[in-house]
Structure formats: C-alpha cells, structure tokens
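Text of upload-v5.txt, listed as compact mmCIF, C-alpha atoms and all ligand atoms:
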```
# COMPACT_ATOMS: atom_id res chain seq x y z
CA MET A 1 -58.37 2.47 -25.65
CA VAL A 2 -60.31 1.99 -22.40
CA ASN A 3 -60.02 -1.34 -20.66
CA LEU A 4 -63.65 -2.44 -20.68
CA PHE A 5 -63.09 -5.05 -17.97
CA THR A 6 -61.98 -2.49 -15.41
CA MET A 7 -64.46 0.25 -16.34
CA HIS A 8 -66.58 1.65 -13.54
CA LEU A 9 -68.70 4.71 -12.94
CA HIS A 10 -66.87 7.95 -12.32
CA ASP A 11 -66.75 8.44 -8.53
CA ALA A 12 -68.16 11.96 -8.33
CA GLY A 13 -69.66 12.41 -11.84
CA MET A 14 -67.84 14.42 -14.52
CA GLU A 15 -68.24 18.11 -15.23
CA PRO A 16 -70.63 18.77 -18.17
CA GLU A 17 -67.95 20.43 -20.29
CA ASP A 18 -65.62 17.46 -19.75
CA VAL A 19 -68.37 15.05 -20.82
CA LEU A 20 -69.05 17.09 -23.94
CA ARG A 21 -65.38 17.54 -24.81
CA GLU A 22 -64.68 13.86 -24.52
CA LEU A 23 -67.74 12.88 -26.53
CA SER A 24 -66.99 15.33 -29.33
CA GLN A 25 -63.42 14.14 -29.57
CA ARG A 26 -64.30 10.48 -29.55
CA LEU A 27 -67.30 10.61 -31.88
CA ALA A 28 -65.39 12.70 -34.43
CA GLU A 29 -63.77 9.41 -35.48
CA ASP A 30 -67.05 8.16 -36.95
CA SER A 31 -67.87 8.67 -40.61
CA SER A 32 -70.12 11.67 -41.21
CA PHE A 33 -72.61 12.52 -43.92
CA GLN A 34 -71.04 15.99 -44.16
CA SER A 35 -67.76 14.42 -45.31
CA ALA A 36 -69.74 12.82 -48.17
CA LYS A 37 -67.56 9.73 -47.90
CA ILE A 38 -70.55 7.60 -46.96
CA LEU A 39 -71.66 6.09 -50.24
CA GLY A 40 -73.26 2.82 -49.24
CA CYS A 41 -75.74 3.81 -46.62
CA MET A 42 -79.51 4.11 -47.02
CA CYS A 43 -79.72 6.90 -44.45
CA SER A 44 -78.65 10.50 -44.89
CA ALA A 45 -78.23 13.72 -42.98
CA PRO A 46 -81.81 14.46 -41.89
CA ASP A 47 -83.75 17.55 -42.84
CA PRO A 48 -82.41 20.20 -40.39
CA LEU A 49 -85.84 21.25 -39.13
CA SER A 50 -86.88 17.65 -38.55
CA ALA A 51 -83.65 17.04 -36.60
CA SER A 52 -84.13 20.05 -34.37
CA VAL A 53 -87.77 19.11 -33.74
CA PHE A 54 -86.56 15.68 -32.58
CA ALA A 55 -84.21 17.26 -30.05
CA ARG A 56 -86.97 19.53 -28.77
CA PHE A 57 -89.55 16.86 -27.87
CA LEU A 58 -87.37 14.25 -26.22
CA GLU A 59 -89.64 13.49 -23.27
CA LYS A 60 -92.64 12.44 -25.33
CA ASN A 61 -93.49 8.75 -25.18
CA ALA A 62 -95.63 7.55 -28.06
CA GLY A 63 -96.17 4.33 -26.09
CA ASP A 64 -98.36 6.06 -23.51
CA PRO A 65 -101.14 7.88 -25.38
CA GLY A 66 -103.02 8.56 -22.12
CA LEU A 67 -100.16 10.76 -21.02
CA PHE A 68 -99.31 12.12 -24.46
CA PRO A 69 -102.63 12.34 -26.35
CA ALA A 70 -101.36 15.13 -28.60
CA THR A 71 -98.42 12.97 -29.67
CA ARG A 72 -100.89 10.19 -30.47
CA GLU A 73 -102.93 12.62 -32.56
CA LEU A 74 -99.81 13.65 -34.48
CA GLU A 75 -98.98 10.01 -35.08
CA ARG A 76 -102.46 9.42 -36.53
CA GLU A 77 -101.90 12.33 -38.91
CA VAL A 78 -98.50 11.01 -39.93
CA ILE A 79 -100.05 7.59 -40.62
CA ALA A 80 -102.83 9.22 -42.65
CA LEU A 81 -100.30 11.24 -44.66
CA MET A 82 -98.13 8.26 -45.45
CA GLY A 83 -101.26 6.23 -46.14
CA SER A 84 -102.32 8.85 -48.68
CA LEU A 85 -98.93 8.54 -50.39
CA LEU A 86 -99.54 4.83 -50.75
CA ALA A 87 -103.18 4.97 -51.87
CA GLY A 88 -104.30 3.76 -48.47
CA GLU A 89 -107.14 6.07 -47.50
CA ARG A 90 -108.12 3.70 -44.70
CA ALA A 91 -104.57 2.80 -43.69
CA GLU A 92 -103.81 2.33 -39.99
CA GLY A 93 -100.46 1.69 -38.39
CA SER A 94 -97.65 2.92 -36.20
CA LEU A 95 -94.31 4.60 -36.32
CA VAL A 96 -91.64 2.10 -35.26
CA SER A 97 -87.87 2.04 -34.93
CA GLY A 98 -87.14 1.07 -38.52
CA GLY A 99 -87.67 -1.43 -41.30
CA THR A 100 -86.61 -4.40 -39.19
CA GLU A 101 -89.26 -3.80 -36.56
CA ALA A 102 -91.89 -3.02 -39.20
CA ASN A 103 -91.17 -6.28 -41.05
CA ILE A 104 -91.24 -8.35 -37.85
CA LEU A 105 -94.50 -6.69 -36.83
CA ALA A 106 -96.02 -7.40 -40.25
CA LEU A 107 -95.22 -11.10 -40.07
CA TRP A 108 -96.47 -11.20 -36.50
CA ALA A 109 -99.82 -9.82 -37.66
CA ALA A 110 -99.80 -12.24 -40.61
CA ARG A 111 -99.20 -15.16 -38.26
CA ARG A 112 -101.99 -14.14 -35.94
CA ARG A 113 -104.31 -13.76 -38.91
CA ALA A 114 -103.44 -17.17 -40.31
CA GLY A 115 -103.98 -19.14 -37.14
CA ARG A 116 -102.43 -22.51 -36.37
CA GLY A 117 -100.66 -24.75 -38.84
CA ARG A 118 -99.83 -22.16 -41.45
CA ARG A 119 -96.31 -20.94 -41.00
CA GLN A 120 -94.82 -20.71 -44.45
CA VAL A 121 -93.75 -17.37 -45.90
CA ILE A 122 -92.92 -16.96 -49.59
CA LEU A 123 -90.38 -14.22 -50.23
CA PRO A 124 -87.68 -13.27 -52.75
CA GLU A 125 -84.01 -14.16 -52.30
CA SER A 126 -83.37 -10.44 -52.20
CA ALA A 127 -85.50 -9.93 -49.06
CA HIS A 128 -83.83 -8.08 -46.20
CA TYR A 129 -82.36 -10.20 -43.39
CA SER A 130 -84.97 -8.83 -40.98
CA PHE A 131 -87.26 -11.55 -42.33
CA ASP A 132 -84.73 -14.19 -41.23
CA LYS A 133 -84.91 -12.67 -37.75
CA ALA A 134 -88.71 -12.71 -37.84
CA ALA A 135 -88.70 -16.35 -38.98
CA ASP A 136 -86.35 -17.34 -36.19
CA LEU A 137 -88.37 -15.49 -33.57
CA MET A 138 -91.72 -16.93 -34.65
CA ASP A 139 -90.59 -20.28 -35.95
CA LEU A 140 -91.72 -19.54 -39.49
CA GLU A 141 -90.61 -21.40 -42.57
CA LEU A 142 -89.15 -19.14 -45.24
CA VAL A 143 -89.33 -20.19 -48.86
CA LYS A 144 -86.89 -18.02 -50.76
CA ILE A 145 -87.76 -17.57 -54.41
CA PRO A 146 -84.99 -16.98 -56.98
CA LEU A 147 -84.82 -13.69 -58.85
CA ASP A 148 -85.25 -13.22 -62.57
CA ASP A 149 -82.78 -11.40 -64.82
CA ARG A 150 -84.11 -8.04 -63.61
CA PHE A 151 -83.39 -9.04 -60.00
CA GLN A 152 -87.09 -9.33 -59.22
CA MET A 153 -88.85 -12.23 -57.55
CA ASP A 154 -90.02 -14.69 -60.17
CA ALA A 155 -93.81 -14.63 -59.66
CA ARG A 156 -94.30 -17.92 -61.50
CA LEU A 157 -91.96 -19.70 -59.09
CA ALA A 158 -93.69 -17.94 -56.19
CA ALA A 159 -97.04 -19.36 -57.35
CA GLN A 160 -95.50 -22.82 -57.63
CA ALA A 161 -94.12 -22.58 -54.11
CA LEU A 162 -97.52 -22.06 -52.47
CA SER A 163 -98.76 -24.85 -50.25
CA PRO A 164 -101.58 -25.31 -47.74
CA ARG A 165 -99.06 -24.25 -45.08
CA SER A 166 -98.45 -20.86 -46.72
CA MET A 167 -99.63 -17.90 -44.67
CA ALA A 168 -97.98 -14.91 -46.32
CA ILE A 169 -96.13 -13.58 -49.32
CA VAL A 170 -93.55 -10.82 -49.02
CA GLY A 171 -92.71 -8.60 -51.98
CA VAL A 172 -89.94 -6.01 -51.95
CA ALA A 173 -90.42 -2.58 -53.51
CA GLY A 174 -86.86 -1.29 -53.55
CA SER A 175 -84.54 -4.17 -52.71
CA THR A 176 -81.67 -3.60 -50.31
CA GLY A 177 -78.97 -4.22 -52.89
CA LEU A 178 -80.25 -2.83 -56.17
CA GLY A 179 -83.59 -1.15 -55.52
CA ALA A 180 -85.42 -3.75 -57.61
CA VAL A 181 -89.21 -3.87 -57.39
CA ASP A 182 -90.91 -7.26 -57.26
CA PRO A 183 -94.02 -7.88 -59.44
CA ILE A 184 -96.39 -6.76 -56.69
CA GLU A 185 -99.39 -6.75 -59.07
CA GLU A 186 -99.00 -10.45 -59.71
CA LEU A 187 -98.32 -11.14 -56.04
CA SER A 188 -101.47 -9.19 -55.17
CA ARG A 189 -103.52 -11.44 -57.47
CA LEU A 190 -101.95 -14.54 -55.92
CA ALA A 191 -102.64 -13.29 -52.41
CA GLU A 192 -106.27 -12.56 -53.23
CA ARG A 193 -106.81 -15.84 -54.97
CA HIS A 194 -105.42 -17.87 -52.06
CA ASP A 195 -106.48 -15.62 -49.18
CA LEU A 196 -102.88 -14.93 -48.18
CA TYR A 197 -101.43 -11.98 -46.32
CA LEU A 198 -99.26 -9.88 -48.66
CA HIS A 199 -96.63 -7.67 -47.06
CA VAL A 200 -94.70 -5.19 -49.20
CA ASP A 201 -91.30 -4.12 -47.90
CA ALA A 202 -90.93 -0.58 -49.24
CA ALA A 203 -88.61 0.50 -46.42
CA PHE A 204 -86.44 2.25 -49.00
CA GLY A 205 -88.75 2.53 -52.02
CA GLY A 206 -91.73 3.92 -50.09
CA PHE A 207 -90.41 7.46 -50.29
CA VAL A 208 -89.08 7.05 -53.85
CA LEU A 209 -91.67 5.23 -55.97
CA PRO A 210 -94.61 7.60 -55.22
CA PHE A 211 -92.59 10.55 -56.60
CA LEU A 212 -90.76 8.96 -59.53
CA GLU A 213 -93.28 9.77 -62.24
CA GLU A 214 -93.55 13.40 -61.29
CA ALA A 215 -89.76 13.52 -61.18
CA GLY A 216 -89.69 12.26 -64.78
CA TYR A 217 -88.85 8.57 -64.30
CA PRO A 218 -90.92 5.41 -64.70
CA SER A 219 -92.52 4.04 -61.55
CA ARG A 220 -94.20 0.78 -60.62
CA LEU A 221 -97.40 -0.19 -58.85
CA PHE A 222 -96.68 -1.50 -55.38
CA ASP A 223 -99.12 0.12 -52.95
CA PHE A 224 -102.62 -0.26 -51.50
CA SER A 225 -104.16 0.48 -54.91
CA LEU A 226 -103.51 -3.25 -55.42
CA PRO A 227 -106.32 -4.98 -53.54
CA GLY A 228 -104.22 -7.89 -52.26
CA VAL A 229 -101.68 -5.74 -50.39
CA SER A 230 -102.19 -6.15 -46.62
CA SER A 231 -99.36 -4.06 -45.20
CA ILE A 232 -96.43 -1.89 -46.26
CA THR A 233 -93.15 -0.99 -44.56
CA ILE A 234 -92.04 2.56 -45.36
CA ASP A 235 -89.12 4.13 -43.49
CA PRO A 236 -88.98 7.89 -42.92
CA HIS A 237 -85.34 7.51 -41.77
CA LYS A 238 -84.27 6.29 -45.21
CA MET A 239 -85.58 8.51 -48.05
CA GLY A 240 -88.11 10.33 -45.84
CA ARG A 241 -85.53 12.89 -44.61
CA ALA A 242 -86.27 12.17 -40.92
CA PRO A 243 -83.67 11.35 -38.25
CA ILE A 244 -83.05 7.81 -36.95
CA PRO A 245 -85.12 6.10 -35.52
CA ALA A 246 -88.15 6.34 -37.76
CA GLY A 247 -89.75 3.38 -39.50
CA CYS A 248 -93.40 2.81 -40.23
CA LEU A 249 -95.73 -0.10 -40.73
CA LEU A 250 -99.01 0.65 -42.47
CA PHE A 251 -101.87 -1.82 -42.58
CA ARG A 252 -104.46 -1.63 -45.33
CA ASP A 253 -107.29 -1.05 -42.83
CA GLU A 254 -108.40 -1.28 -39.24
CA GLY A 255 -109.36 -4.94 -39.59
CA LEU A 256 -105.79 -5.94 -40.46
CA ALA A 257 -104.19 -3.50 -38.00
CA ARG A 258 -106.03 -5.23 -35.16
CA PHE A 259 -103.91 -8.35 -35.69
CA ALA A 260 -100.97 -6.35 -34.26
CA ALA A 261 -102.88 -5.24 -31.16
CA THR A 262 -102.19 -5.96 -27.52
CA SER A 263 -104.42 -4.47 -24.87
CA VAL A 264 -102.84 -2.73 -21.91
CA SER A 265 -105.13 -1.80 -19.06
CA TYR A 266 -103.03 -0.03 -16.45
CA LEU A 267 -101.42 2.81 -18.39
CA THR A 268 -102.47 6.41 -17.82
CA GLY A 269 -105.81 6.84 -19.46
CA GLY A 270 -107.03 3.34 -18.65
CA GLU A 271 -107.75 0.59 -21.16
CA ALA A 272 -105.54 1.12 -24.17
CA GLU A 273 -104.37 -0.84 -27.13
CA GLN A 274 -100.82 -1.00 -28.36
CA ARG A 275 -100.03 -2.01 -31.91
CA THR A 276 -96.26 -2.19 -31.73
CA LEU A 277 -93.69 -4.70 -30.51
CA ILE A 278 -92.06 -2.24 -28.18
CA GLY A 279 -93.82 -0.28 -25.46
CA THR A 280 -91.99 2.97 -24.79
CA ARG A 281 -91.39 4.67 -28.14
CA PRO A 282 -89.87 8.02 -29.03
CA GLY A 283 -92.64 10.60 -29.47
CA ALA A 284 -89.81 12.83 -30.67
CA ALA A 285 -89.64 10.64 -33.78
CA VAL A 286 -93.36 11.21 -34.38
CA ALA A 287 -92.88 14.98 -34.20
CA ALA A 288 -89.76 14.79 -36.40
CA VAL A 289 -91.55 12.81 -39.12
CA TRP A 290 -94.52 15.18 -38.94
CA ALA A 291 -92.09 18.08 -39.39
CA ALA A 292 -90.28 16.49 -42.36
CA LEU A 293 -93.55 15.65 -44.15
CA HIS A 294 -94.98 19.13 -43.65
CA ARG A 295 -91.75 20.98 -44.37
CA LEU A 296 -91.01 19.21 -47.64
CA GLY A 297 -94.53 18.74 -48.95
CA ARG A 298 -95.10 16.91 -52.21
CA ALA A 299 -92.91 19.32 -54.17
CA GLY A 300 -90.06 18.84 -51.71
CA PHE A 301 -90.10 15.06 -52.02
CA VAL A 302 -90.36 15.22 -55.81
CA ARG A 303 -87.31 17.50 -55.80
CA VAL A 304 -85.35 15.15 -53.50
CA VAL A 305 -86.17 12.17 -55.73
CA ARG A 306 -85.49 14.05 -58.99
CA GLU A 307 -82.09 15.24 -57.77
CA ALA A 308 -81.17 11.79 -56.48
CA MET A 309 -82.25 10.12 -59.75
CA GLU A 310 -80.38 12.62 -61.94
CA LEU A 311 -77.27 12.07 -59.88
CA THR A 312 -77.74 8.30 -59.99
CA HIS A 313 -77.98 8.20 -63.79
CA TRP A 314 -75.03 10.53 -64.17
CA LEU A 315 -72.93 8.40 -61.82
CA ALA A 316 -73.96 5.17 -63.55
CA GLN A 317 -72.97 6.67 -66.90
CA GLU A 318 -69.60 7.87 -65.59
CA ILE A 319 -68.92 4.46 -64.05
CA GLY A 320 -69.63 2.86 -67.44
CA ARG A 321 -66.81 4.96 -68.93
CA ILE A 322 -64.20 3.54 -66.57
CA PRO A 323 -62.53 0.41 -67.95
CA GLY A 324 -63.11 -2.68 -65.82
CA PHE A 325 -66.13 -1.30 -64.00
CA ALA A 326 -69.82 -1.48 -64.75
CA VAL A 327 -73.17 -1.14 -63.10
CA VAL A 328 -74.94 -4.42 -62.42
CA THR A 329 -78.24 -3.21 -63.85
CA GLU A 330 -79.88 -0.02 -65.05
CA PRO A 331 -80.85 1.80 -61.83
CA VAL A 332 -84.55 1.66 -60.94
CA MET A 333 -84.19 4.05 -58.05
CA ASN A 334 -81.25 5.84 -56.46
CA LEU A 335 -79.22 2.71 -55.77
CA ILE A 336 -76.33 1.50 -57.92
CA GLY A 337 -74.70 -1.91 -57.92
CA LEU A 338 -71.06 -1.32 -58.88
CA ARG A 339 -69.09 -4.26 -60.15
CA SER A 340 -65.48 -4.76 -61.06
CA LEU A 341 -64.60 -7.42 -63.59
CA ASP A 342 -61.33 -8.42 -62.08
CA LEU A 343 -61.82 -7.68 -58.39
CA GLY A 344 -64.11 -9.37 -55.93
CA SER A 345 -66.58 -7.08 -54.18
CA ARG A 346 -64.78 -7.33 -50.83
CA GLU A 347 -61.47 -6.47 -52.44
CA LEU A 348 -63.01 -3.54 -54.28
CA ALA A 349 -64.67 -2.30 -51.08
CA SER A 350 -61.41 -2.43 -49.19
CA LEU A 351 -59.50 -0.57 -51.94
CA LEU A 352 -62.21 2.07 -51.79
CA ARG A 353 -62.03 2.15 -48.00
CA GLU A 354 -58.28 2.81 -48.16
CA ARG A 355 -59.21 5.91 -50.15
CA GLY A 356 -61.80 6.94 -47.58
CA TRP A 357 -64.98 5.68 -49.32
CA ARG A 358 -67.53 3.63 -47.43
CA VAL A 359 -69.70 1.31 -49.52
CA ALA A 360 -71.97 -1.65 -48.70
CA VAL A 361 -70.62 -5.02 -49.82
CA PHE A 362 -72.76 -7.66 -51.53
CA GLU A 363 -71.65 -10.95 -53.01
CA ASP A 364 -71.28 -9.77 -56.60
CA PHE A 365 -71.11 -6.00 -56.27
CA VAL A 366 -70.79 -3.04 -53.95
CA ARG A 367 -73.82 -0.82 -53.39
CA ILE A 368 -73.85 2.90 -53.76
CA ALA A 369 -76.89 4.63 -52.28
CA VAL A 370 -77.16 8.00 -53.98
CA MET A 371 -78.61 9.84 -51.01
CA PRO A 372 -79.37 13.55 -50.55
CA HIS A 373 -75.99 14.25 -48.89
CA LEU A 374 -74.23 13.55 -52.21
CA SER A 375 -73.69 15.76 -55.25
CA ARG A 376 -71.66 15.73 -58.49
CA THR A 377 -68.88 17.76 -56.88
CA LYS A 378 -68.69 15.30 -54.02
CA LEU A 379 -68.76 12.27 -56.31
CA GLU A 380 -66.05 13.45 -58.76
CA PRO A 381 -63.26 12.45 -56.35
CA PHE A 382 -64.91 9.03 -56.01
CA LEU A 383 -64.76 8.58 -59.79
CA GLU A 384 -61.09 9.62 -59.60
CA SER A 385 -60.51 6.86 -57.06
CA LEU A 386 -62.20 4.33 -59.35
CA ARG A 387 -60.04 5.48 -62.26
CA ALA A 388 -56.95 5.10 -60.10
CA ILE A 389 -57.99 1.57 -59.10
CA ALA A 390 -58.71 0.76 -62.77
CA GLY A 391 -55.24 2.08 -63.67
CA GLN A 392 -53.63 -0.20 -61.12
CA LYS A 393 -55.50 -3.25 -62.30
CA GLY A 394 -55.14 -2.77 -66.06
CA ASP A 395 -57.87 -2.53 -68.64
CA VAL A 396 -60.79 -4.90 -68.83
CA SER A 397 -63.58 -4.06 -71.18
CA SER A 398 -66.32 -6.69 -71.32
CA LEU A 399 -68.53 -7.75 -68.51
CA ALA A 400 -70.41 -10.95 -67.84
CA LEU A 401 -72.81 -11.11 -64.95
CA PRO A 402 -74.43 -14.09 -63.35
CA SER A 403 -78.13 -13.30 -63.57
CA GLY A 404 -80.47 -12.95 -60.67
CA ARG A 405 -77.88 -12.53 -57.91
CA GLU A 406 -78.44 -9.98 -55.22
CA THR A 407 -77.15 -11.85 -52.23
CA ALA A 408 -75.68 -9.99 -49.31
CA ILE A 409 -72.40 -11.48 -48.15
CA MET A 410 -73.49 -10.98 -44.57
CA THR A 411 -76.78 -12.87 -45.00
CA PRO A 412 -77.27 -14.51 -41.60
CA LYS A 413 -77.72 -18.25 -41.43
CA GLY A 414 -81.44 -18.83 -41.31
CA ASP A 415 -83.06 -22.12 -42.07
CA GLY A 416 -84.08 -20.65 -45.37
CA GLY A 417 -86.17 -23.00 -47.40
CA THR A 418 -86.52 -24.48 -50.81
CA ILE A 419 -89.01 -24.00 -53.56
CA GLY A 420 -92.03 -26.08 -52.69
CA THR A 421 -93.87 -28.28 -55.12
CA LYS A 422 -97.03 -26.97 -56.71
CA LYS A 423 -100.08 -27.73 -54.64
CA ASP A 424 -103.57 -26.41 -55.03
CA LEU A 425 -104.82 -24.40 -52.12
N1 LIG B 1 -86.10 -3.47 -45.63
C1 LIG B 1 -85.23 -3.10 -46.58
C2 LIG B 1 -85.61 -3.23 -48.02
C3 LIG B 1 -83.99 -2.59 -46.19
O1 LIG B 1 -83.11 -2.24 -47.13
C4 LIG B 1 -83.69 -2.46 -44.82
C5 LIG B 1 -82.39 -1.90 -44.33
C6 LIG B 1 -84.65 -2.86 -43.88
C7 LIG B 1 -85.85 -3.37 -44.32
C8 LIG B 1 -84.39 -2.76 -42.40
O2 LIG B 1 -84.36 -1.45 -42.01
P1 LIG B 1 -83.70 -0.96 -40.63
O3 LIG B 1 -82.22 -1.11 -40.76
O4 LIG B 1 -84.17 0.44 -40.53
O5 LIG B 1 -84.25 -1.83 -39.55
N2 LIG B 1 -81.55 -1.38 -45.26
C9 LIG B 1 -80.25 -0.85 -44.94
C10 LIG B 1 -79.21 -1.90 -45.28
O6 LIG B 1 -79.28 -3.04 -44.76
C11 LIG B 1 -80.12 -0.43 -43.50
C12 LIG B 1 -78.91 0.37 -43.24
C13 LIG B 1 -78.97 1.74 -43.24
C14 LIG B 1 -77.70 -0.26 -42.98
C15 LIG B 1 -77.86 2.49 -42.96
C16 LIG B 1 -76.56 0.50 -42.70
C17 LIG B 1 -76.64 1.86 -42.70
O7 LIG B 1 -75.52 2.61 -42.42
O8 LIG B 1 -78.34 -1.61 -46.03
```

This entry written out as structure tokens:
Amino acid sequence: MVNLFTMHLHDAGMEPEDVLRELSQRLAEDSSFQSAKILGCMCSAPDPLSASVFARFLEKNAGDPGLFPATRELEREVIALMGSLLAGERAEGSLVSGGTEANILALWAARRRAGRGRRQVILPESAHYSFDKAADLMDLELVKIPLDDRFQMDARLAAQALSPRSMAIVGVAGSTGLGAVDPIEELSRLAERHDLYLHVDAAFGGFVLPFLEEAGYPSRLFDFSLPGVSSITIDPHKMGRAPIPAGCLLFRDEGLARFAATSVSYLTGGEAEQRTLIGTRPGAAVAAVWAALHRLGRAGFVRVVREAMELTHWLAQEIGRIPGFAVVTEPVMNLIGLRSLDLGSRELASLLRERGWRVAVFEDFVRIAVMPHLSRTKLEPFLESLRAIAGQKGDVSSLALPSGRETAIMTPKGDGGTIGTKKDL
C-alpha cells in the first residue's frame, strides 16, 4: 500500500510500459463484468463497438459546439432518437454524466420555471438519493410519499401532499431497488391540473419499458405520450449498452428545455447557449451513444430486454425453490429483490461476498440487476451459493414482508419531509 501522505510526482516520469504494467496489475483487483460476479450493479460491459468508438474520439468536447459542430449535430440526433423512443417528437435535451446530473438538472429547470416561493417537490420514498443532493444544493423541500403494496408511489397521498408551495412532482419509472413504476398517468393528470412540473426518472427503465411489449412482457405508460410529463431521465450507461459516462435528460419541448439554459458568449463560435450543469463534456460519450443506438437498432434493444427478462423470471423462479429465500415482488423489469427470512440483508450480502458475489444492499433485501453480462450458466453457481447458505441456516418456508418498503440502507440524511395536509391549489 502506498503511503498517500508522502506521495509525490515521479522525478523523471515513468516509462510507458512501466505505467501500463503497474496499472494493469493494480486494476486487476477490481471486480469485472467478465467475471460475472457483479450481480447488483445497474451498469454492464458496454457494447464493444460503442466502447471502441468512445476511445477513438477522446478529444471531442460537447461543451464547445463552436469548435465541435459535428459532435453537436450527433448529439441532436441522439436526443431525437431517444425522444422518439419516449414519444417525444419535439423533445430537446442533452447528454450528461448520468442519472444524478440529469435529475439535478431537471429540478433546476423546474425551480427556474416555478419562480420564487415554490420550493416543494413531491416524490416517492423510493426516489434515488440524487434528489436529496438536488434538494440540498437548491434548498428545496422534499415531501416523500409512502409506497403502496406494489412498491409504487401512492398517487392519492401525492395529491393530498400538494400545497401552494409545490413546484414539481417526481415519478420513478424503474425504481433503484425493485424496478417499480410509479402511476405516471395519474401524476400526469395531477401535474396538468395544478400546473406543476412533472419529472420522470427513467434512468434505468428508459431503455427497458419501451421494448417490454415487443419482448413479450407487459409495459406501462410513463413517457411524453402523457401530456403532463415535462422531462425524463434516461441513462444510456445503464440499459442503453453505452460506456460510462452517459446519462441523458430530455425535456418535452424547446420551451421547457430553455429553463436549463445559460448563455456563454466567449466560446469559439460566439454567442452560445449551454443547457447542462457542467461545461466541458465528453463528446466521446455522444459518439459512443450514437454508435450503440445505431448498432443495436430497435431489434437489438428488444433482444437485450427479452433476454434479460427471460433470465430474470428464470432466476426469480429458481430463487423461489430455495428454502428460506424469496423474491420481494414479481419482477417488473430485470431487477430482483432477494430476501432471506432469517438473515438481514447486510448479513446475506456479506455471506454472498465471501463467495465472490457482489450485490447491492437495501434495508429489507439485496438487489440483483440481471444485466446483459449475465446468463444462466453464469448464474447457476450463484444459486449453488444460495443453496449452500440455506443449508447452513436451516429450512424456513414461509415469508412475511412488510409492505411498501424499498429503502436503501445508505440513504443519505436529507431533511426529507412529511406528507403535507390537503390544500387546494
Ligand atoms: N435514478 C435511478 C432510478 C437510479 O437507479 C440511479 C442510479 C440514478 C438515478 C443515478 O444514476 P447515476 O449513478 O448514473 O448518477 N442507480 C444505480 C444505483 O444506485 C447506480 C449505480 C450503478 C450504482 C452502478 C453502482 C453501480 O456499480 O444502484
């Protein structure tokens, strides 16, 4: 282990082969998607073409369209393509670093739209912690709405929570823990009725829901076909097969997108408008997403989703056969909440970790993200590990679940909020 306190730059600079040797040795200690031991992560090994495209266009800066107009053009196409997936023919937006940035940007636009005095955001308890960051940054008041027995935001309670201070509603289409989809149709009606900004976080679900029906599974309405939806987060670096970093925020139309704009006058090309939080952005990510979308095409994404869903249902069924284990709820997309009756989720995760498996840990369950780097052959040994753990712990057959819980153990301390009293707007 290097002593970080005494570290300093190498006097003469190292030889390239020494740099590479050391990096390969050291980074080999990380988990890899190839090992297929990563079970809890919403990212996957990217599409190989998309990855090589990223490496090829490293010097492009999507933050300076005057210098890189062709990159800007590609980005507009990528936005149009993703817009078309989400029924947003007039969608505008930007590629960003990921779901966190997209969600912060959405609430920033919502705040600018609302003007002074309206700072309250209604969102489900299952919302990703990026909204806590956004609230802290912008001094917003979050009102977290409990989930129903299907782990979806209770729309009736959301309606009751509205107040004259409300500025936005957030719905999740593919929750971080279980992939649950909030009742976006009802939220859309609420947003329209009360002139509220409605942001849909489909960071994960955005590349799953549009293909589910064609893949043979039921889907849900969550996109711009619902008139109240103002913006959508959809992350190419999750189910979109693109390398990290690639997130995306789409606005319904130009009018809404302008709430995220900052004008910059001195960049190459003169007066320009930026619609992102960060300035310098990887144009390589734009090219990589363009490559993934074109390479896979609709058929490719349907295949990815169909394979992931088949594997998910198979795994859920196999888990159900192991005494003492169960899935928290019937999978909606390719995420499984795995629960042990007699072990806490942390304990279960650490027993799995001892056997090499990496899962995400929530309060009541561990999450398995059935991503494209997994297959039946690769998951059989995982089931063996579960059977071994079940054998150690003895048989337990029934399962009682507290309803409506999807709380991440690591939820940061935000000032949260309580359900407001019903007030007419
Ligand atoms: N919205 C939802 C619904 C998410 O699940 C996530 C992250 C985000 C927004 C934020 O996305 P970024 O992390 O791209 O900013 N969901 C994953 C999670 O928290 C992120 C992740 C992915 C974490 C891979 C670890 C990992 O190895 O589980």

Fill in: Distance of atom CA of A:Glu354 from atom CA of A:Thr329, expressed in Å to one decimal place
26.1 Å

Discussion item. Show me, as a PyMOL selection string, the residues that have an atom within 12 Å of A:Ala215 when counting all atoms listed in the file, minus same-chain residues fewer than 5 positions from it.
Written reply: chain A and resi 208-210+298-310+333

Discussion item. Using all atoms listed in the file, which residues of the polymer chains come no farther than 7 Å from ligand LIG 1 (chain B)? I'd like the answer as a list in words.
Written reply: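 Result of the 7 Å neighbour search around ligand LIG 1 (chain B): Cys41, Met42, Cys43, Ser97, Gly98, Gly99, Thr100, Glu101, Asn103, Ala127, His128, Ser130, Val172, Gly174, Ser175, Thr176, Asp201, Ala202, Ala203, Phe204, Asp235, Gly247 and Ala360 of chain A.
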
Item to complete: Tell me, in Å to one decimal, how far atom CA of A:Pro323 is from atom CA of A:Val359.
Response: 19.8 Å

Discussion item. Considering only C-alpha atoms, can you say which of A:Leu196, A:Leu9, A:Leu39, A:Ser219 comes closest to A:Leu338?
Written reply: A:Leu39

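Here atom CA of A:Arg376 and atom CA of A:Phe207 stand 22.1 Å from one another.
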